Amino acid sequence: MNPLQQRLAALRRRLRFVVTFRGVCWIIAIVCLALAAGGLLDWRVHLPDLVRALLLAGTLSGAGCIAYRYLLRPLWARSDDLSLALQVEARYPALNDALASAVQFLEQADGLDSSSSPSLRKEAVQRALGLAKGFDFRPVVSARGIGAAGLSLAGAGTLALFLTLAYPQLAWTAFLRFANPFGGHDWPRQTQLEIKARTRTARNEAFEVHAIVRGVVPERAVVEYQFEGAAPLKEAYEITRRAEAGELQ
């Protein structure tokens with residue numbers, strides 16, 4: 001490969017790296033920030049299904065627009081040697097079409113085109129190489145916004161990771177409610193009650209009910225008994241606290 005083609009190939013790799021890194025960072029940052037903000041808001045006020053669906057649609061639309069503008073469209077743009085040579089000449093007018101002509105001559109040589117003299121092609125290529133030595137091709141690929149994209153990804157990713165590690169159950173519930181707004185996923189109750197009792201008991205035998213209370217444990221619990229043919233009966237009980245849960249007997 002000719003040294004000029006090697007420099008253009010390196011420029012093409014730089015272009016793809018910058019575009020991919022910047023675009024992916026913005027997309028992930030937007031999604032993480034939307035998940036964190038939407039999840040916190042939903043946890044605070046318990047958003048209706050329709051509102052969460054609108055938030056999901058807005059997040060996907062925003063991520064799609066960013067993906068098209070900063071990732072797909074730049075990657076779909078022409079990045080062959082001639083296109084890159086024209087971009088280099090646009091930045092450095094002193095090259096005066098020498099670079100593009102040299103690229104075309106090299107392509108003709110690769111295709112065994114005999115329409116022009118090989119010596120003239122070689123001389124034009126050598127002249128372009130001599131001119132190009134004094135110019136840095138890297139600024140042709142704009143790295144504008146790559147730092148902001150990286151910092152945004154770091155900030156949004158750190159926030160999302162912290163919330164996930166600190167509150168795994170709530171974070172998973174928030175994700176499910178955000179990703180599937182009509183899926184019927186409810187937030188965990190502040191007070192969870194686990195009842196342990198036999199389904200049947202013999203006549204004149206004591207019927208025991210054990211309950212484990214987790215989460216926000218009140219001082220007292222009210223149990224309502226319903227009997228066939230009789231009025232409901234309510235009884236208040238003290239809750240015995242343990243290290244991890246309250247126990248109601």
# chains A, B, ... in the order shown; residues from 1 in each chain; ligands from 1
>>> residues_around(residues="Arg189 of chain A", least_positions_apart="5", cutoff="12 Å", atoms="only C-alpha atoms", output="ChimeraX atom specification")
/A:43,169-170,173,213-217
>>> write_last_selection(atoms="N, CA, C and O atoms", output="PDB file, in the first residue's frame")
ATOM      1  N   TRP A  43     -40.953   6.412  41.348  1.00  0.00           N
ATOM      2  CA  TRP A  43     -40.926   5.942  42.740  1.00  0.00           C
ATOM      3  C   TRP A  43     -41.535   6.979  43.682  1.00  0.00           C
ATOM      4  O   TRP A  43     -42.195   6.638  44.662  1.00  0.00           O
ATOM      5  N   GLN A 169     -33.605  -3.977  44.370  1.00  0.00           N
ATOM      6  CA  GLN A 169     -35.001  -4.351  44.135  1.00  0.00           C
ATOM      7  C   GLN A 169     -35.796  -3.188  43.553  1.00  0.00           C
ATOM      8  O   GLN A 169     -36.558  -3.353  42.590  1.00  0.00           O
ATOM      9  N   LEU A 170     -35.607  -2.004  44.121  1.00  0.00           N
ATOM     10  CA  LEU A 170     -36.316  -0.834  43.611  1.00  0.00           C
ATOM     11  C   LEU A 170     -35.849  -0.483  42.202  1.00  0.00           C
ATOM     12  O   LEU A 170     -36.657  -0.096  41.348  1.00  0.00           O
ATOM     13  N   THR A 173     -37.421  -2.930  39.775  1.00  0.00           N
ATOM     14  CA  THR A 173     -38.838  -2.614  39.609  1.00  0.00           C
ATOM     15  C   THR A 173     -39.017  -1.368  38.743  1.00  0.00           C
ATOM     16  O   THR A 173     -39.895  -1.322  37.870  1.00  0.00           O
ATOM     17  N   VAL A 213     -43.948  -9.643  59.652  1.00  0.00           N
ATOM     18  CA  VAL A 213     -44.089  -8.294  59.104  1.00  0.00           C
ATOM     19  C   VAL A 213     -42.700  -7.765  58.773  1.00  0.00           C
ATOM     20  O   VAL A 213     -41.826  -7.729  59.644  1.00  0.00           O
ATOM     21  N   ARG A 214     -42.512  -7.355  57.527  1.00  0.00           N
ATOM     22  CA  ARG A 214     -41.221  -6.820  57.086  1.00  0.00           C
ATOM     23  C   ARG A 214     -41.416  -5.412  56.536  1.00  0.00           C
ATOM     24  O   ARG A 214     -42.508  -5.023  56.161  1.00  0.00           O
ATOM     25  N   GLY A 215     -40.309  -4.706  56.459  1.00  0.00           N
ATOM     26  CA  GLY A 215     -40.357  -3.341  55.941  1.00  0.00           C
ATOM     27  C   GLY A 215     -40.663  -2.364  57.058  1.00  0.00           C
ATOM     28  O   GLY A 215     -40.027  -2.370  58.112  1.00  0.00           O
ATOM     29  N   VAL A 216     -41.660  -1.514  56.834  1.00  0.00           N
ATOM     30  CA  VAL A 216     -42.098  -0.560  57.860  1.00  0.00           C
ATOM     31  C   VAL A 216     -43.014  -1.301  58.827  1.00  0.00           C
ATOM     32  O   VAL A 216     -44.133  -1.677  58.477  1.00  0.00           O
ATOM     33  N   VAL A 217     -42.535  -1.531  60.043  1.00  0.00           N
ATOM     34  CA  VAL A 217     -43.266  -2.342  61.025  1.00  0.00           C
ATOM     35  C   VAL A 217     -43.979  -1.418  62.012  1.00  0.00           C
ATOM     36  O   VAL A 217     -43.330  -0.652  62.730  1.00  0.00           O
TER      37      VAL A 217
END
>>> residues_around(residues="Trp172 of chain A", least_positions_apart="4", cutoff="12 Å", atoms="only C-alpha atoms", output="ChimeraX atom specification")
/A:35-36,39,43,160-161,163-168,176-180,185-188
>>> closest_residue(among="A:Gly23, A:Gly229, A:Gly130, A:Pro218", to="Ile66 of chain A", atoms="only C-alpha atoms")
A:Gly23
>>> residues_around(residues="Glu208 of chain A", least_positions_apart="2", cutoff="9 Å", atoms="only C-alpha atoms", output="MDAnalysis selection string")
chainID A and resid 196:198 206 210 249
>>> closest_residue(among="A:Asp136, A:Glu235, A:Glu123, A:Glu219", to="Arg7 of chain A", atoms="only C-alpha atoms")
A:Asp136
>>> closest_atom_pairs(of="segment 82-181 of chain A", to="segment 70-74 of chain A", cutoff="12 Å", atoms="only C-alpha atoms", output="tab-separated table")
residue	atom	partner	partner_atom	distance
A:Val141	CA	A:Pro74	CA	11.0
A:Ser142	CA	A:Pro74	CA	11.5
A:Ala143	CA	A:Tyr70	CA	11.9
A:Arg144	CA	A:Tyr70	CA	11.5
A:Gly145	CA	A:Tyr70	CA	10.3
A:Ile146	CA	A:Tyr70	CA	10.8
A:Ala149	CA	A:Tyr70	CA	10.8
>>> write_last_selection(atoms="N, CA and C atoms", output="PDB file, in the first residue's frame")
ATOM      1  N   VAL A 141     -10.664  15.248  10.971  1.00  0.00           N
ATOM      2  CA  VAL A 141     -11.763  14.611  11.704  1.00  0.00           C
ATOM      3  C   VAL A 141     -12.005  15.416  12.976  1.00  0.00           C
ATOM      4  N   SER A 142     -13.130  16.075  13.039  1.00  0.00           N
ATOM      5  CA  SER A 142     -13.441  16.915  14.196  1.00  0.00           C
ATOM      6  C   SER A 142     -13.753  16.050  15.414  1.00  0.00           C
ATOM      7  N   ALA A 143     -13.028  16.302  16.488  1.00  0.00           N
ATOM      8  CA  ALA A 143     -13.281  15.597  17.752  1.00  0.00           C
ATOM      9  C   ALA A 143     -14.141  16.438  18.684  1.00  0.00           C
ATOM     10  N   ARG A 144     -14.813  17.419  18.138  1.00  0.00           N
ATOM     11  CA  ARG A 144     -15.644  18.295  18.955  1.00  0.00           C
ATOM     12  C   ARG A 144     -16.773  17.499  19.612  1.00  0.00           C
ATOM     13  N   GLY A 145     -16.944  17.686  20.890  1.00  0.00           N
ATOM     14  CA  GLY A 145     -18.013  17.023  21.623  1.00  0.00           C
ATOM     15  C   GLY A 145     -17.647  15.672  22.185  1.00  0.00           C
ATOM     16  N   ILE A 146     -16.461  15.158  21.856  1.00  0.00           N
ATOM     17  CA  ILE A 146     -16.119  13.823  22.336  1.00  0.00           C
ATOM     18  C   ILE A 146     -15.871  13.830  23.844  1.00  0.00           C
ATOM     19  N   ALA A 149     -19.281  14.097  25.574  1.00  0.00           N
ATOM     20  CA  ALA A 149     -19.977  12.815  25.484  1.00  0.00           C
ATOM     21  C   ALA A 149     -19.422  11.816  26.494  1.00  0.00           C
TER      22      ALA A 149
END
